[in-house]
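Have a look at my_file-v1.cif; it's mmCIF, C-alpha atoms and all ligand atoms:
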data_my_file
#
loop_
_atom_site.label_atom_id
_atom_site.label_comp_id
_atom_site.auth_asym_id
_atom_site.auth_seq_id
_atom_site.Cartn_x
_atom_site.Cartn_y
_atom_site.Cartn_z
CA MET A 1 0.00 0.00 0.00
CA LEU A 2 2.91 2.38 0.73
CA GLU A 3 5.81 2.43 -1.73
CA LEU A 4 8.94 4.58 -1.95
CA ILE A 5 9.29 6.26 -5.35
CA ARG A 6 11.79 8.68 -6.89
CA THR A 7 10.69 12.24 -7.86
CA ALA A 8 12.10 14.52 -10.57
CA ASP A 9 14.77 16.17 -8.41
CA GLY A 10 16.13 12.77 -7.35
CA SER A 11 14.58 12.85 -3.87
CA ASN A 12 12.19 10.12 -2.76
CA THR A 13 8.57 10.29 -1.76
CA ILE A 14 5.94 7.75 -0.79
CA TYR A 15 3.08 6.64 -3.00
CA ASN A 16 -0.09 5.59 -1.18
CA SER A 17 -1.92 3.26 -3.58
CA GLU A 18 -5.10 3.24 -1.49
CA VAL A 19 -5.46 7.02 -1.78
CA GLY A 20 -3.83 7.09 -5.24
CA GLU A 21 -1.59 9.95 -4.20
CA ASN A 22 2.05 10.81 -3.48
CA TYR A 23 3.22 12.40 -0.26
CA HIS A 24 5.03 15.10 -2.28
CA SER A 25 5.05 16.57 -5.77
CA ARG A 26 6.36 14.26 -8.48
CA ASN A 27 8.26 17.31 -9.73
CA GLY A 28 10.51 17.03 -6.68
CA ALA A 29 9.81 16.22 -3.06
CA LEU A 30 12.82 18.13 -1.78
CA GLN A 31 12.28 21.22 -3.91
CA GLU A 32 8.59 21.34 -2.93
CA SER A 33 9.33 21.04 0.77
CA ARG A 34 12.05 23.70 0.60
CA HIS A 35 10.01 26.08 -1.52
CA VAL A 36 6.51 25.83 -0.03
CA PHE A 37 7.16 25.20 3.63
CA VAL A 38 10.71 26.19 4.55
CA ASN A 39 11.23 29.23 2.31
CA SER A 40 7.67 30.53 1.87
CA GLY A 41 6.60 29.65 5.44
CA LEU A 42 9.42 29.52 7.96
CA CYS A 43 11.87 31.94 6.30
CA TYR A 44 9.03 34.32 5.47
CA PHE A 45 7.90 34.32 9.11
CA LEU A 46 11.40 34.84 10.49
CA GLU A 47 12.04 37.68 8.08
CA LYS A 48 8.62 39.24 8.75
CA THR A 49 9.03 39.21 12.51
CA ARG A 50 12.80 39.49 12.69
CA SER A 51 12.17 38.03 16.12
CA PHE A 52 15.49 36.28 16.04
CA LEU A 53 17.44 39.53 16.07
CA LYS A 54 18.34 41.49 19.16
CA VAL A 55 16.62 44.88 19.09
CA PRO A 56 19.17 47.59 19.86
CA PRO A 57 18.31 49.70 22.94
CA THR A 58 18.64 52.86 20.90
CA GLY A 59 16.39 51.58 18.12
CA GLY A 60 17.39 51.23 14.48
CA ASP A 61 17.79 48.23 12.25
CA PRO A 62 19.61 45.36 13.98
CA ILE A 63 20.82 43.97 10.67
CA ALA A 64 22.27 47.33 9.57
CA ILE A 65 23.94 47.78 12.96
CA GLY A 66 25.36 44.27 12.67
CA LEU A 67 24.18 42.95 16.02
CA GLU A 68 24.49 39.27 16.73
CA ARG A 69 21.52 37.01 16.32
CA VAL A 70 20.08 35.72 19.57
CA TRP A 71 18.16 32.53 20.18
CA ALA A 72 14.43 33.12 19.82
CA THR A 73 11.67 30.51 19.57
CA VAL A 74 9.37 29.58 16.72
CA SER A 75 6.53 27.08 16.91
CA ILE A 76 5.27 25.12 13.93
CA LEU A 77 2.19 22.92 13.53
CA GLU A 78 2.15 20.62 10.52
CA VAL A 79 -1.01 18.93 9.25
CA GLY A 80 0.10 15.66 7.62
CA PHE A 81 3.53 14.89 9.13
CA GLY A 82 4.14 11.89 6.85
CA THR A 83 7.85 11.26 6.32
CA GLY A 84 8.94 14.24 8.42
CA LEU A 85 10.78 15.92 5.52
CA ASN A 86 9.32 19.35 6.33
CA PHE A 87 10.33 18.92 9.95
CA LEU A 88 13.88 17.79 9.15
CA LEU A 89 14.59 20.72 6.83
CA SER A 90 13.03 23.18 9.29
CA ALA A 91 15.05 21.80 12.20
CA ASP A 92 18.31 22.29 10.32
CA LEU A 93 17.39 25.79 9.20
CA CYS A 94 16.46 26.80 12.76
CA ALA A 95 19.75 25.45 14.09
CA GLU A 96 21.63 27.43 11.45
CA LYS A 97 19.70 30.63 12.25
CA LYS A 98 19.88 30.12 16.01
CA VAL A 99 16.14 29.78 16.45
CA ARG A 100 14.62 27.37 18.97
CA LEU A 101 12.01 25.15 17.37
CA ASN A 102 8.87 23.64 18.92
CA TYR A 103 7.33 21.41 16.27
CA THR A 104 4.09 19.45 16.36
CA GLY A 105 3.09 17.23 13.45
CA ILE A 106 -0.44 15.84 13.17
CA GLU A 107 -0.52 12.46 11.47
CA ALA A 108 -3.50 10.10 11.31
CA TYR A 109 -1.52 7.19 9.83
CA PRO A 110 2.09 7.36 11.09
CA LEU A 111 4.71 5.58 9.03
CA SER A 112 6.52 2.65 10.57
CA LYS A 113 9.99 3.51 11.80
CA GLU A 114 11.35 1.16 9.15
CA LEU A 115 9.79 3.13 6.30
CA ALA A 116 10.49 6.52 7.89
CA THR A 117 14.20 5.68 7.95
CA GLN A 118 14.34 4.42 4.33
CA THR A 119 13.46 7.74 2.66
CA GLY A 120 17.07 8.74 2.01
CA TYR A 121 16.44 12.14 3.59
CA ASP A 122 19.61 11.77 5.62
CA GLN A 123 21.32 13.26 2.52
CA TYR A 124 19.59 16.60 2.99
CA VAL A 125 20.08 17.28 6.70
CA SER A 126 22.89 17.23 9.21
CA ALA A 127 23.96 13.85 10.53
CA SER A 128 22.96 14.79 14.08
CA THR A 129 19.44 15.94 13.08
CA TRP A 130 18.89 12.69 11.17
CA GLN A 131 20.29 10.47 13.89
CA ARG A 132 18.22 12.07 16.65
CA PHE A 133 15.09 12.02 14.49
CA THR A 134 15.41 8.32 13.71
CA ASP A 135 16.36 7.46 17.31
CA GLY A 136 13.43 9.43 18.76
CA TYR A 137 10.80 8.81 16.06
CA GLU A 138 8.77 6.15 17.88
CA LYS A 139 8.87 8.01 21.18
CA ALA A 140 7.74 11.23 19.44
CA LEU A 141 4.56 9.40 18.38
CA SER A 142 3.42 9.30 22.00
CA SER A 143 5.15 12.24 23.72
CA GLN A 144 7.21 15.32 23.07
CA ILE A 145 10.91 14.60 22.56
CA GLN A 146 13.86 16.93 22.95
CA LEU A 147 15.82 16.39 19.74
CA ASN A 148 18.57 18.67 21.04
CA PRO A 149 18.61 21.56 23.55
CA ASN A 150 16.97 23.85 20.99
CA CYS A 151 14.51 21.58 19.20
CA ARG A 152 11.42 19.72 20.38
CA LEU A 153 9.22 17.41 18.35
CA GLN A 154 5.90 15.75 18.96
CA ILE A 155 3.88 13.76 16.44
CA ALA A 156 0.20 13.76 17.40
CA SER A 157 -1.05 10.41 16.14
CA CYS A 158 -4.63 11.37 15.40
CA LYS A 159 -6.90 12.75 12.71
CA LEU A 160 -6.87 16.49 12.24
CA LEU A 161 -10.38 17.01 13.63
CA ASP A 162 -9.48 15.03 16.78
CA PHE A 163 -6.38 17.14 17.46
CA GLU A 164 -6.67 19.40 20.50
CA SER A 165 -4.04 21.59 22.10
CA ALA A 166 -3.86 24.52 24.47
CA ASN A 167 -1.01 25.86 22.31
CA GLN A 168 -1.16 28.26 19.42
CA TYR A 169 1.57 28.23 16.78
CA ASP A 170 3.52 30.82 14.79
CA ILE A 171 3.36 28.85 11.56
CA ILE A 172 1.08 26.17 10.12
CA TYR A 173 2.32 23.89 7.34
CA TYR A 174 -0.83 22.51 5.72
CA ASP A 175 0.33 19.43 3.82
CA ALA A 176 -2.77 17.29 3.37
CA PHE A 177 -3.39 15.10 0.31
CA ALA A 178 -4.94 17.01 -2.60
CA ALA A 179 -8.61 18.00 -2.39
CA ALA A 180 -9.43 15.71 -5.33
CA ARG A 181 -8.38 12.72 -3.18
CA GLN A 182 -9.30 13.91 0.31
CA PRO A 183 -11.88 16.73 0.04
CA GLU A 184 -12.72 16.62 3.75
CA MET A 185 -9.21 17.94 4.55
CA TRP A 186 -9.98 21.13 2.62
CA ASP A 187 -13.53 21.91 3.69
CA GLU A 188 -14.49 24.80 5.96
CA ALA A 189 -14.64 22.63 9.10
CA ALA A 190 -11.07 21.34 8.61
CA ILE A 191 -9.65 24.78 7.86
CA ALA A 192 -11.54 26.43 10.75
CA HIS A 193 -10.31 23.74 13.15
CA THR A 194 -6.73 24.29 11.98
CA ILE A 195 -6.77 28.09 12.12
CA ARG A 196 -7.81 27.94 15.80
CA PHE A 197 -4.24 26.86 16.50
CA LEU A 198 -2.60 29.78 14.68
CA LYS A 199 -1.46 32.81 16.68
CA PRO A 200 -2.55 36.29 15.57
CA GLY A 201 0.14 37.37 13.11
CA GLY A 202 0.92 33.72 12.41
CA VAL A 203 1.49 32.36 8.93
CA PHE A 204 -0.37 29.49 7.19
CA VAL A 205 1.19 27.98 4.05
CA THR A 206 0.14 25.28 1.68
CA TYR A 207 1.09 24.07 -1.80
CA ALA A 208 -2.48 24.39 -3.13
CA ILE A 209 -4.66 27.38 -3.92
CA THR A 210 -8.39 27.17 -4.58
CA GLY A 211 -11.31 29.57 -4.40
CA ASN A 212 -12.90 27.63 -1.52
CA LEU A 213 -9.71 27.68 0.50
CA LYS A 214 -9.27 31.42 -0.02
CA ARG A 215 -12.88 32.09 1.00
CA SER A 216 -12.58 29.93 4.13
CA LEU A 217 -9.39 31.64 5.24
CA LYS A 218 -10.75 35.14 4.62
CA ALA A 219 -13.89 34.30 6.63
CA LEU A 220 -11.61 33.19 9.48
CA GLY A 221 -9.88 36.58 9.61
CA CYS A 222 -6.82 35.90 7.46
CA THR A 223 -5.26 37.94 4.70
CA ILE A 224 -4.49 35.91 1.60
CA GLU A 225 -1.49 36.06 -0.65
CA LYS A 226 -0.73 34.14 -3.82
CA ALA A 227 2.93 33.23 -3.87
CA PRO A 228 4.87 31.60 -6.71
CA GLY A 229 4.33 27.83 -6.61
CA ALA A 230 6.86 25.03 -6.42
CA ALA A 231 8.06 23.42 -9.67
CA GLY A 232 5.08 22.37 -11.80
CA LYS A 233 2.64 24.73 -10.04
CA ARG A 234 2.07 28.38 -10.90
CA GLU A 235 0.91 29.47 -7.46
CA MET A 236 0.68 28.46 -3.82
CA LEU A 237 -1.15 30.07 -0.94
CA ARG A 238 0.08 31.95 2.09
CA ALA A 239 -2.27 33.46 4.67
CA VAL A 240 -1.62 35.61 7.74
CA LYS A 241 -4.06 35.59 10.65
CA LEU A 242 -5.09 39.10 11.65
CA LEU A 243 -7.23 38.59 14.75
C1 LIG B 301 0.65 14.95 1.41
S1 LIG B 301 1.00 13.76 2.67
C2 LIG B 301 2.05 14.67 3.76
C3 LIG B 301 3.49 14.62 3.43
C4 LIG B 301 4.37 14.99 4.58
N1 LIG B 301 4.24 16.36 4.98
C5 LIG B 301 5.81 14.63 4.26
O1 LIG B 301 6.65 15.53 4.16
O2 LIG B 301 6.06 13.46 4.10
C6 LIG B 301 -0.52 13.83 3.61
C7 LIG B 301 -0.44 13.18 4.98
O3 LIG B 301 -1.66 13.40 5.68
C8 LIG B 301 -1.95 12.23 6.43
N2 LIG B 301 -3.40 12.24 6.74
C9 LIG B 301 -4.42 11.72 6.00
N3 LIG B 301 -5.60 11.97 6.58
C10 LIG B 301 -5.33 12.68 7.70
C11 LIG B 301 -6.15 13.24 8.74
N4 LIG B 301 -7.49 13.13 8.72
N5 LIG B 301 -5.54 13.89 9.75
C12 LIG B 301 -4.19 14.00 9.78
N6 LIG B 301 -3.36 13.49 8.83
C13 LIG B 301 -3.93 12.85 7.81
C14 LIG B 301 -1.49 11.13 5.53
O4 LIG B 301 -1.30 9.92 6.23
C15 LIG B 301 -0.22 11.70 4.95
O5 LIG B 301 0.89 11.38 5.76
#

Structure re-expressed in structure tokens:
Amino acid sequence: MLELIRTADGSNTIYNSEVGENYHSRNGALQESRHVFVNSGLCYFLEKTRSFLKVPPTGGDPIAIGLERVWATVSILEVGFGTGLNFLLSADLCAEKKVRLNYTGIEAYPLSKELATQTGYDQYVSASTWQRFTDGYEKALSSQIQLNPNCRLQIASCKLLDFESANQYDIIYYDAFAAARQPEMWDEAAIAHTIRFLKPGGVFVTYAITGNLKRSLKALGCTIEKAPGAAGKREMLRAVKLL
């Protein structure tokens, strides 16, 4: 039912024959993850907030003044954790930028550890991130793990609509199967449930863009932006929660 396949940029993804869908774009799993989630979500948020830079007491632009970056914290909620590729790339970027990461992935059908460690994604992240991810994967399915002093991961093993948390997040990666295959993941109830967990000023990103999705997000108090899509797609969607 689950099979590892190669995508156009040489990175692997998983094909789910029951759903008839891949976990990533066939045009490149790695490029899609980097473009849609890491660059258009995480990097956009960090740049927008510049929360990882020390604000000088006298005011002014910390970058122009050349102040050192300080450790700040960013929290990410992912809908559809799957292989963990979005998490792995985000964890490495946060380490590089000196940002603490609290990451929660929601996954209704977690991969076995065996399959999760056969993706070949060790090529794209640091050896320590990969090692700690594979060592802690099974534990993360039932509780939060400390991957390193600056990175925490929890995989909530439940369906999106059953997910509950007292936390709100800075960024949401919405990586559900396409609406043609799983329409219930894109209806108003699913999007409203998800946006409850986004902080005001927080950023929601996804690879898809449809009229229904835009309308749902606007009705939930978000501003909508079309951003250039990953390879093979003209556009993707980014939303910022106002209220
Ligand atoms: C497009 S794939 C996600 C790919 C993943 N982000 C990755 O990098 O591997 C969609 C994921 O959503 C999961 N899923 C399906 N129905 C779900 C539901 N109701 N709630 C949460 N996750 C669900 C699937 O098992 C699958 O892992």

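Proximity to Gln154 of chain A was assessed for A:Leu115, A:Ala176, A:Ile76, A:Ala219 counting only C-alpha atoms; the smallest distance is recorded for A:Ile76.
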
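Note that the spacing between atom CA of Lys241 of chain A and atom CA of Ser165 of chain A amounts to 18.1 Å.
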
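Among A:Arg152, A:His193, A:Arg234, A:Arg34, the residue with the shortest atom-to-atom distance to Tyr103 of chain A, counting only C-alpha atoms, is A:Arg152.
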
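As for atom CA of Met1 of chain A and atom CA of Gly20 of chain A, they are spaced 9.6 Å apart.
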
Open item on the list: Need to verify the contact set: segment 118-129 of chain A, 7 Å, all atoms listed in the file, exclusion of same-chain residues closer than 2 positions in sequence. Can you return it as number ranges by chain?
Closed with: A: 12, 88-89, 92, 114-116, 131-133

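Here atom CA of Cys158 of chain A and atom CA of Ala178 of chain A stand 18.9 Å from one another.
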
Could you add whatever atoms are missing so that segment 214-234 of chain A carries N, CA and C atoms, then write the result as an mmCIF file, in the frame of the given file?
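In the end it all went to out.cif:
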data_model
loop_
_atom_site.group_PDB
_atom_site.id
_atom_site.type_symbol
_atom_site.label_atom_id
_atom_site.label_comp_id
_atom_site.auth_asym_id
_atom_site.auth_seq_id
_atom_site.Cartn_x
_atom_site.Cartn_y
_atom_site.Cartn_z
ATOM 1 N N LYS A 214 -9.445 29.975 -0.227
ATOM 2 C CA LYS A 214 -9.270 31.420 -0.020
ATOM 3 C C LYS A 214 -10.459 32.001 0.736
ATOM 4 N N ARG A 215 -11.676 31.586 0.339
ATOM 5 C CA ARG A 215 -12.880 32.090 1.000
ATOM 6 C C ARG A 215 -12.910 31.674 2.464
ATOM 7 N N SER A 216 -12.572 30.414 2.729
ATOM 8 C CA SER A 216 -12.580 29.930 4.130
ATOM 9 C C SER A 216 -11.604 30.736 4.982
ATOM 10 N N LEU A 217 -10.410 30.944 4.456
ATOM 11 C CA LEU A 217 -9.390 31.640 5.240
ATOM 12 C C LEU A 217 -9.756 33.105 5.468
ATOM 13 N N LYS A 218 -10.322 33.737 4.456
ATOM 14 C CA LYS A 218 -10.750 35.140 4.620
ATOM 15 C C LYS A 218 -11.831 35.226 5.689
ATOM 16 N N ALA A 219 -12.794 34.288 5.643
ATOM 17 C CA ALA A 219 -13.890 34.300 6.630
ATOM 18 C C ALA A 219 -13.370 34.063 8.040
ATOM 19 N N LEU A 220 -12.193 33.469 8.154
ATOM 20 C CA LEU A 220 -11.610 33.190 9.480
ATOM 21 C C LEU A 220 -10.660 34.306 9.920
ATOM 22 N N GLY A 221 -10.667 35.415 9.191
ATOM 23 C CA GLY A 221 -9.880 36.580 9.610
ATOM 24 C C GLY A 221 -8.439 36.552 9.139
ATOM 25 N N CYS A 222 -8.194 35.938 7.997
ATOM 26 C CA CYS A 222 -6.820 35.900 7.460
ATOM 27 C C CYS A 222 -6.725 36.765 6.212
ATOM 28 N N THR A 223 -5.539 37.325 5.996
ATOM 29 C CA THR A 223 -5.260 37.940 4.700
ATOM 30 C C THR A 223 -4.628 36.864 3.821
ATOM 31 N N ILE A 224 -4.907 36.954 2.539
ATOM 32 C CA ILE A 224 -4.490 35.910 1.600
ATOM 33 C C ILE A 224 -3.462 36.467 0.650
ATOM 34 N N GLU A 225 -2.482 35.662 0.349
ATOM 35 C CA GLU A 225 -1.490 36.060 -0.650
ATOM 36 C C GLU A 225 -1.206 34.881 -1.569
ATOM 37 N N LYS A 226 -1.189 35.159 -2.875
ATOM 38 C CA LYS A 226 -0.730 34.140 -3.820
ATOM 39 C C LYS A 226 0.772 34.273 -3.892
ATOM 40 N N ALA A 227 1.467 33.193 -3.743
ATOM 41 C CA ALA A 227 2.930 33.230 -3.870
ATOM 42 C C ALA A 227 3.299 32.312 -5.036
ATOM 43 N N PRO A 228 4.476 32.499 -5.626
ATOM 44 C CA PRO A 228 4.870 31.600 -6.710
ATOM 45 C C PRO A 228 4.905 30.150 -6.210
ATOM 46 N N GLY A 229 4.401 29.230 -7.024
ATOM 47 C CA GLY A 229 4.330 27.830 -6.610
ATOM 48 C C GLY A 229 5.650 27.093 -6.768
ATOM 49 N N ALA A 230 5.695 25.903 -6.242
ATOM 50 C CA ALA A 230 6.860 25.030 -6.420
ATOM 51 C C ALA A 230 6.859 24.538 -7.871
ATOM 52 N N ALA A 231 7.943 23.888 -8.283
ATOM 53 C CA ALA A 231 8.060 23.420 -9.670
ATOM 54 C C ALA A 231 6.798 22.682 -10.100
ATOM 55 N N GLY A 232 6.268 23.038 -11.273
ATOM 56 C CA GLY A 232 5.080 22.370 -11.800
ATOM 57 C C GLY A 232 3.782 23.026 -11.370
ATOM 58 N N LYS A 233 3.866 24.033 -10.479
ATOM 59 C CA LYS A 233 2.640 24.730 -10.040
ATOM 60 C C LYS A 233 2.885 26.231 -10.163
ATOM 61 N N ARG A 234 1.887 26.936 -10.718
ATOM 62 C CA ARG A 234 2.070 28.380 -10.900
ATOM 63 C C ARG A 234 2.050 29.113 -9.559
#
